[in-house]
Amino acid sequence: MVHFLISRPIAVTMTYIALLVLGVVAVMRLPVSLMPDIDIPEITVQISKEGLSARELESSVVRPLRQNLMQVAHLDDIHSETRDGHGIIQLRFDYGTDIDFAFIEVNEKVDRSMNNLPRDMDRPRVVKASASDIPVFYLNLTLKEETAHIRTHNERFPVPQKFAELSNFAGQVIRKRIEQLNEVALVDMSGQVFPELLILPDLSKLEGLGLTLSQLEQSIKRMNLQLGNLLIRDGQYQYNIRFASSLQNKQDIEAIYLKLEGRLLQLKDLAQVIEHPQKRKGLVTANGKNALSLAVIKQSDAQMASLKENLHILVGYFERDYPNIAFEITRDQTLLLDYSIDNLTQSLVWGALFAFVIMFFFLKDFKSPILIGISVPASLIVSLLFFHLVGLSINIISLSGLVLGVGMMIDNSIIVIDNINQQYQRNGKLLNACVQGTNEVFRPLLSSVLTTCAVFIPLIFLSGISGAMFYDQAISITIGLSVSLAVSVTLLPVYFKFFYQKKPHTSTSLSQRIRFLNYERLYEKGFRLTMRHQDMLWGIFLLMLVGCTWLYTQLNKEKLPPVTQQEILLHIDWNERIHLDENNRRTQKLVQQTKKLSLQNTCWVGQQQYLLDRNHELGPSEALVYFKVPQSQDLKTLRQNLNAYLAGTFPQAQAEFKEVGNLFNLLFSKSEAPLVARLRAVQKGPQNNIFLENLHGKLQQTLKGHSVPPIAWQEHMILKADPVKLLAYDVSFDALHQKIKSAFNENKIMVITENQAFTPVILGGKPQRIRDVLSYTQIENQKGKMIPVRNLLREDKGIDIKTLRAGQEGEFFPVKLDVSEAESESIIKQIQQVVTEDKHFEVSFAGSLFSNREMIRELLIILGISLMLLYFILASQFESLTLPFIVLLEVPIDIFGAFLMLKLFGASINLMSMIGIIVMTGIIINDSILKIDTINQLRSQGYSLLRALALAGQRRLKPILMTSLTTVLALLPFLFSQGLGVDLQKPLALAVIGGMTIGTLVSLYFIPLCYYYLNKGKRKE
């Protein structure tokens, strides 16, 4: 086959050019995204019922709904959080569940539950999570010059006069223009200000006319009618006649007629109608100014680079067309993809450079490195063609697979070129050298590809999203290695013959003078030393096996390595019943403490209006603040300053720093603390809050060295109508409720629609304090007498937990602790002892420590499966049941080198370092396979055992050294660089460098020693 290809270089060249052209076309069509488009097995049910406390909402809505949803098929876990007026239920399913069917089933359960829920509440909203729903950009809109503030009649929070216009303009124009981009699926928006109509009755006129508020309300409602259509026939024609008496704007409301004692009066004669912004439940600020936040969500099959380019162009048009508006892009998720592409480019550049230098040093020839410069890019482009054929996208995971595959592509090329070169030097016939040199290594190279795939492909059986993510990586590496093998055995020999057919293959005068060290003589000395001191070498390798186990117990285990960032999120719960403007005042004062450190800041204060973003679920007294600093080291100073300010000014506030969510850590890492103690009351009762506070104090005393977050309590006022007094004073409960709602401007009597805009109409009065309403408000009874409201109500106060959490086991209170894995067992025992002595609660434990342990356990099982597959492949390759054990025994020794490097640099065992170990294992095993195959060939040619070992070592010395050096040197820059992309790749680089360093020595000396022990008593076949 190789001889046939070499004899037809033009046909081979044209075939590869055709494949490269198709590959380039495929690259242009491949979708580019941050992550593979996978189904996240999570569904969220959002519940809203204004006016209900957290406890009432939990008992009347969330709990029965949660119990019904627990019957959904394939449910893995369910968790709910309930606050005043709002609640969410998160359902996590077993990975592999058809999320579309689960979504339908959840909706069916919600529909069935509606009969048992309060009749006046809206249907809970069901949201299906998706990786493509995570915003790629946030676009902040602010006014460059805010006008004077105006104060509305039903709220104390000041709203800039022009900001309401900006809000309407952004929703009607900016949002729609961005959504017109082909790459954009949706623009989610928060911070908008909506209009509201407030009717302020003249109470003196109403009293003089004998008209009550209830009668006025009914008169207004009667005028907002939709009478429908009539179909009328007129001869051979027919017409639709529409009757309408609906109210559409402020003028329509003012023009409402009322007939009183034979007189026609308009509403404007009895009341004042004011159009103003609605009372805001939340807001967004950017760099201290009122802002609109637009979350840009990408189409799942769109190219990320195209979206980024088109969005920046569009924002440039906006800045030119609307000079009074400031546009600012924040939280750019494309940076991670850029880092991955930069890593691939860096890996290619450094790999090619070091391969050129090393091959020149070892082969003393300029032409061989050029062959690598042809084979590696060709392999990459053809690999991307197969990406298109199998439906893979270009994303962080598939790109990381290509980054890992580049090193192996270079290794395959080095092995083929070196073997052809050796054949050429031995027999001097170029054609025979190309054919025999390629055929000789094809079988071991094929085994190497199969063994590497056998290590990677089992990773797709990891449970959860991790397994789905590794599917793309396993397939991309499999494609890359297969294409690289095909290029190495077809294109390389053809061009090797083409490059050297005009001139004999001899060293140049320059290369002959380059003698840095005689590595061949050093190897021979080491080989003799190994065979003379075999017992000492066995002892060293046994110590490495023991060291591997010890280092595993000492290294921290986590899902992802800590990364260097210039961004951070601060979640604040002021832990007080404050209103929105006080929340904003405190938040802005907090932000002012960081003026000298932060480049950008965005504050989400109170409830937000996003439809899909679950990370912005905030209560009225909560805020989420985004900071961006010039340098990553500035984050530490910023955190210290903010913690000191909060501790000194608002000691009762609860603050938590979070990573700015990118797709990678949102999918792979959980937001929960390392250890969470879930406290559940043994019996329900009014005293449980007191018992919980006592138990919490005991835990704080026991765990003095750890920060135990305080309990977020919430005081509430309860107004109870006295039924006896209502009967005595002839006042109905409905009339009292209506009066109280109107006094607090909460009496929404209708919603008018104009041009798809919905404007509520409120019947109320001027804003008053609670005490004033209760003290001075009067209500007319059925006999026309005015009764003070304070005579009909009884005021009570209470306290309860601010956020009620529950799961499959029922309601619980979480105690979140930031502890290391080493101290976790001791902390768990202390907590169990305190809870057992208390007797009012029981405890269970959760947290990322347990999920990390489960991940490591699964990885170890998969590693065992991979080793079994390796054994079967090697047994087939060597046609022996004993020789594969030599290669398998090498694996734990190589892992010792990886663990040692991780320990020296303070890294942990995580997903990235485990990938590095797998990559390193695949490369080192390839070297050992080639060496054992060469030994077997020499033995079959009649060489003695020791002579075959020595000669095989000499023949495979250069490719082993070249592959190891090119891989290690290409990864060295990661150890001395900084940045998000580098931080993700650094554990991988450490594992590969440590394992390759030890593994090279193992391949050179331990493999021959093991082979010698297995075969020294056997006769030569």
# chains A, B, ... in the order shown; residues from 1 in each chain; ligands from 1
>>> residues_around(residues="range 683-698 of chain A", least_positions_apart="2", cutoff="10 Å", atoms="only C-alpha atoms", output="list in words")
Leu679, Arg680, Ala681, Gln700, Gln701, Thr702, Leu703, Val708, Pro709, Pro710, Ile711, Trp713, Ile799, Asp800, Ile801, Phe813, Val815, Ile831, Val834, Val835, Glu837, Asp838, Lys839, His840 and Phe841 of chain A
>>> select_by_dssp(residues="range 810-983 of chain A", states="strand (DSSP E or B)", output="list in words")
Gly810, Glu811, Phe812, Phe813, Pro814, Val815, Lys816, Leu817, Phe841, Glu842, Val843, Ser844, Phe845, Ala846 and Ile909 of chain A
>>> write_last_selection(atoms="N, CA and C atoms", output="mmCIF file, in the first residue's frame")
data_model
loop_
_atom_site.group_PDB
_atom_site.id
_atom_site.type_symbol
_atom_site.label_atom_id
_atom_site.label_comp_id
_atom_site.auth_asym_id
_atom_site.auth_seq_id
_atom_site.Cartn_x
_atom_site.Cartn_y
_atom_site.Cartn_z
ATOM 1 N N GLY A 810 -37.959 17.150 53.166
ATOM 2 C CA GLY A 810 -38.784 18.160 53.803
ATOM 3 C C GLY A 810 -37.995 19.429 54.066
ATOM 4 N N GLU A 811 -38.534 20.284 54.930
ATOM 5 C CA GLU A 811 -37.915 21.576 55.213
ATOM 6 C C GLU A 811 -36.656 21.392 56.060
ATOM 7 N N PHE A 812 -35.616 22.176 55.762
ATOM 8 C CA PHE A 812 -34.369 22.109 56.528
ATOM 9 C C PHE A 812 -33.729 23.486 56.558
ATOM 10 N N PHE A 813 -32.807 23.659 57.518
ATOM 11 C CA PHE A 813 -32.023 24.891 57.585
ATOM 12 C C PHE A 813 -30.568 24.540 57.279
ATOM 13 N N PRO A 814 -29.952 25.158 56.258
ATOM 14 C CA PRO A 814 -28.571 24.794 55.892
ATOM 15 C C PRO A 814 -27.543 25.604 56.686
ATOM 16 N N VAL A 815 -26.518 24.925 57.154
ATOM 17 C CA VAL A 815 -25.353 25.574 57.756
ATOM 18 C C VAL A 815 -24.182 25.334 56.806
ATOM 19 N N LYS A 816 -23.767 26.377 56.086
ATOM 20 C CA LYS A 816 -22.738 26.251 55.062
ATOM 21 C C LYS A 816 -21.362 26.516 55.663
ATOM 22 N N LEU A 817 -20.412 25.606 55.401
ATOM 23 C CA LEU A 817 -19.069 25.719 55.963
ATOM 24 C C LEU A 817 -18.039 25.572 54.852
ATOM 25 N N PHE A 841 -33.402 18.492 66.794
ATOM 26 C CA PHE A 841 -33.125 18.472 65.353
ATOM 27 C C PHE A 841 -32.357 17.205 65.001
ATOM 28 N N GLU A 842 -32.414 16.854 63.735
ATOM 29 C CA GLU A 842 -31.559 15.825 63.167
ATOM 30 C C GLU A 842 -30.810 16.438 62.000
ATOM 31 N N VAL A 843 -29.703 15.819 61.601
ATOM 32 C CA VAL A 843 -28.819 16.442 60.624
ATOM 33 C C VAL A 843 -28.436 15.447 59.537
ATOM 34 N N SER A 844 -28.314 15.956 58.332
ATOM 35 C CA SER A 844 -27.718 15.219 57.216
ATOM 36 C C SER A 844 -26.739 16.168 56.537
ATOM 37 N N PHE A 845 -25.884 15.618 55.673
ATOM 38 C CA PHE A 845 -24.802 16.427 55.115
ATOM 39 C C PHE A 845 -24.812 16.354 53.597
ATOM 40 N N ALA A 846 -24.468 17.477 52.999
ATOM 41 C CA ALA A 846 -24.328 17.583 51.543
ATOM 42 C C ALA A 846 -23.175 18.541 51.279
ATOM 43 N N ILE A 909 -5.949 17.422 42.516
ATOM 44 C CA ILE A 909 -6.493 16.449 41.561
ATOM 45 C C ILE A 909 -7.861 16.968 41.130
#
>>> residues_around(residues="range 987-1004 of chain A", least_positions_apart="3", cutoff="6 Å", atoms="only C-alpha atoms", output="PyMOL selection string")
chain A and resi 894-895+897-898+901+912-913+916-917+920+928+968+971+1007
>>> write_last_selection(atoms="N, CA and C atoms", output="PDB file, in the first residue's frame")
ATOM      1  N   ASP A 894       4.185   6.154  36.329  1.00  0.00           N
ATOM      2  CA  ASP A 894       4.080   7.435  35.639  1.00  0.00           C
ATOM      3  C   ASP A 894       3.153   8.389  36.390  1.00  0.00           C
ATOM      4  N   ILE A 895       2.066   7.844  36.952  1.00  0.00           N
ATOM      5  CA  ILE A 895       1.133   8.683  37.721  1.00  0.00           C
ATOM      6  C   ILE A 895       1.825   9.255  38.954  1.00  0.00           C
ATOM      7  N   GLY A 897       4.825  10.358  39.061  1.00  0.00           N
ATOM      8  CA  GLY A 897       5.488  11.579  38.591  1.00  0.00           C
ATOM      9  C   GLY A 897       4.509  12.726  38.436  1.00  0.00           C
ATOM     10  N   ALA A 898       3.298  12.414  37.942  1.00  0.00           N
ATOM     11  CA  ALA A 898       2.280  13.462  37.789  1.00  0.00           C
ATOM     12  C   ALA A 898       1.848  13.996  39.150  1.00  0.00           C
ATOM     13  N   MET A 901       4.531  16.219  40.749  1.00  0.00           N
ATOM     14  CA  MET A 901       4.579  17.561  40.165  1.00  0.00           C
ATOM     15  C   MET A 901       3.420  18.412  40.676  1.00  0.00           C
ATOM     16  N   MET A 912      -9.043  18.733  35.064  1.00  0.00           N
ATOM     17  CA  MET A 912      -7.984  19.085  34.126  1.00  0.00           C
ATOM     18  C   MET A 912      -6.719  18.269  34.383  1.00  0.00           C
ATOM     19  N   SER A 913      -6.338  18.092  35.654  1.00  0.00           N
ATOM     20  CA  SER A 913      -5.143  17.292  35.935  1.00  0.00           C
ATOM     21  C   SER A 913      -5.376  15.821  35.591  1.00  0.00           C
ATOM     22  N   GLY A 916      -4.833  15.503  32.007  1.00  0.00           N
ATOM     23  CA  GLY A 916      -3.387  15.495  31.775  1.00  0.00           C
ATOM     24  C   GLY A 916      -2.772  14.142  32.040  1.00  0.00           C
ATOM     25  N   ILE A 917      -3.215  13.480  33.121  1.00  0.00           N
ATOM     26  CA  ILE A 917      -2.692  12.142  33.437  1.00  0.00           C
ATOM     27  C   ILE A 917      -3.056  11.157  32.330  1.00  0.00           C
ATOM     28  N   MET A 920      -0.868  11.968  29.293  1.00  0.00           N
ATOM     29  CA  MET A 920       0.496  11.512  29.553  1.00  0.00           C
ATOM     30  C   MET A 920       0.586   9.994  29.445  1.00  0.00           C
ATOM     31  N   SER A 928       6.336   2.901  24.959  1.00  0.00           N
ATOM     32  CA  SER A 928       6.625   1.549  25.452  1.00  0.00           C
ATOM     33  C   SER A 928       6.162   0.491  24.460  1.00  0.00           C
ATOM     34  N   VAL A 968       7.035  18.094  26.615  1.00  0.00           N
ATOM     35  CA  VAL A 968       7.342  18.812  27.860  1.00  0.00           C
ATOM     36  C   VAL A 968       7.662  20.273  27.581  1.00  0.00           C
ATOM     37  N   LEU A 971       4.709  22.485  26.768  1.00  0.00           N
ATOM     38  CA  LEU A 971       3.831  22.789  27.898  1.00  0.00           C
ATOM     39  C   LEU A 971       4.488  23.665  28.958  1.00  0.00           C
ATOM     40  N   ILE A1007      11.097  -0.686  31.322  1.00  0.00           N
ATOM     41  CA  ILE A1007      10.495  -1.604  30.341  1.00  0.00           C
ATOM     42  C   ILE A1007      11.475  -2.722  29.955  1.00  0.00           C
TER      43      ILE A1007
END
>>> residues_around(residues="range 7-20 of chain A", least_positions_apart="6", cutoff="8 Å", atoms="only C-alpha atoms", output="VMD selection string")
chain A and resid 378 381 to 382 385 490 to 491 494 to 495
>>> residues_around(residues="Gln654 in chain A", least_positions_apart="6", cutoff="8 Å", atoms="only C-alpha atoms", output="PDB file with N, CA and C atoms, in the first residue's frame")
ATOM      1  N   ILE A 572     -25.202  40.277  48.467  1.00  0.00           N
ATOM      2  CA  ILE A 572     -25.426  40.882  49.782  1.00  0.00           C
ATOM      3  C   ILE A 572     -26.887  40.705  50.173  1.00  0.00           C
ATOM      4  N   ASP A 573     -27.092  40.227  51.389  1.00  0.00           N
ATOM      5  CA  ASP A 573     -28.407  40.243  52.013  1.00  0.00           C
ATOM      6  C   ASP A 573     -28.279  41.125  53.249  1.00  0.00           C
ATOM      7  N   TRP A 574     -28.926  42.296  53.208  1.00  0.00           N
ATOM      8  CA  TRP A 574     -28.774  43.254  54.309  1.00  0.00           C
ATOM      9  C   TRP A 574     -29.405  42.752  55.590  1.00  0.00           C
ATOM     10  N   ASN A 575     -30.200  41.693  55.472  1.00  0.00           N
ATOM     11  CA  ASN A 575     -30.782  41.031  56.647  1.00  0.00           C
ATOM     12  C   ASN A 575     -31.637  41.994  57.473  1.00  0.00           C
ATOM     13  N   PRO A 709     -22.208  31.059  59.186  1.00  0.00           N
ATOM     14  CA  PRO A 709     -23.048  32.210  58.815  1.00  0.00           C
ATOM     15  C   PRO A 709     -24.209  32.386  59.780  1.00  0.00           C
ATOM     16  N   PRO A 710     -24.574  33.637  60.087  1.00  0.00           N
ATOM     17  CA  PRO A 710     -25.721  33.866  60.985  1.00  0.00           C
ATOM     18  C   PRO A 710     -27.038  33.493  60.315  1.00  0.00           C
ATOM     19  N   ALA A 712     -30.552  34.267  58.894  1.00  0.00           N
ATOM     20  CA  ALA A 712     -31.216  35.448  58.329  1.00  0.00           C
ATOM     21  C   ALA A 712     -32.676  35.448  58.804  1.00  0.00           C
TER      22      ALA A 712
END
>>> residues_around(residues="range 173-181 of chain A", least_positions_apart="4", cutoff="12 Å", atoms="only C-alpha atoms", output="VMD selection string")
chain A and resid 137 139 to 141 165 to 169 185 to 190 192 292 to 299 302 to 303 306 to 315 317 to 319 321 to 322 325 327
>>> residues_around(residues="Leu961 in chain A", least_positions_apart="3", cutoff="12 Å", atoms="only C-alpha atoms", output="NGL selection string")
:A and (355 or 358-359 or 361-363 or 411 or 414-415 or 418 or 519-520 or 523 or 923-924 or 927 or 953-958 or 964-969 or 996-997 or 999-1001 or 1003-1004)
>>> closest_residue(among="A:Ala721, A:Val676, A:Val110, A:Leu542", to="Ser848 in chain A", atoms="only C-alpha atoms")
A:Val676
>>> closest_residue(among="A:Ser866, A:Asp84, A:Gln554, A:Ala433", to="Pro620 in chain A", atoms="only C-alpha atoms")
A:Asp84
>>> atom_distance(atom1="CA of Asp818 in chain A", atom2="CA of Lys802 in chain A")
22.1 Å
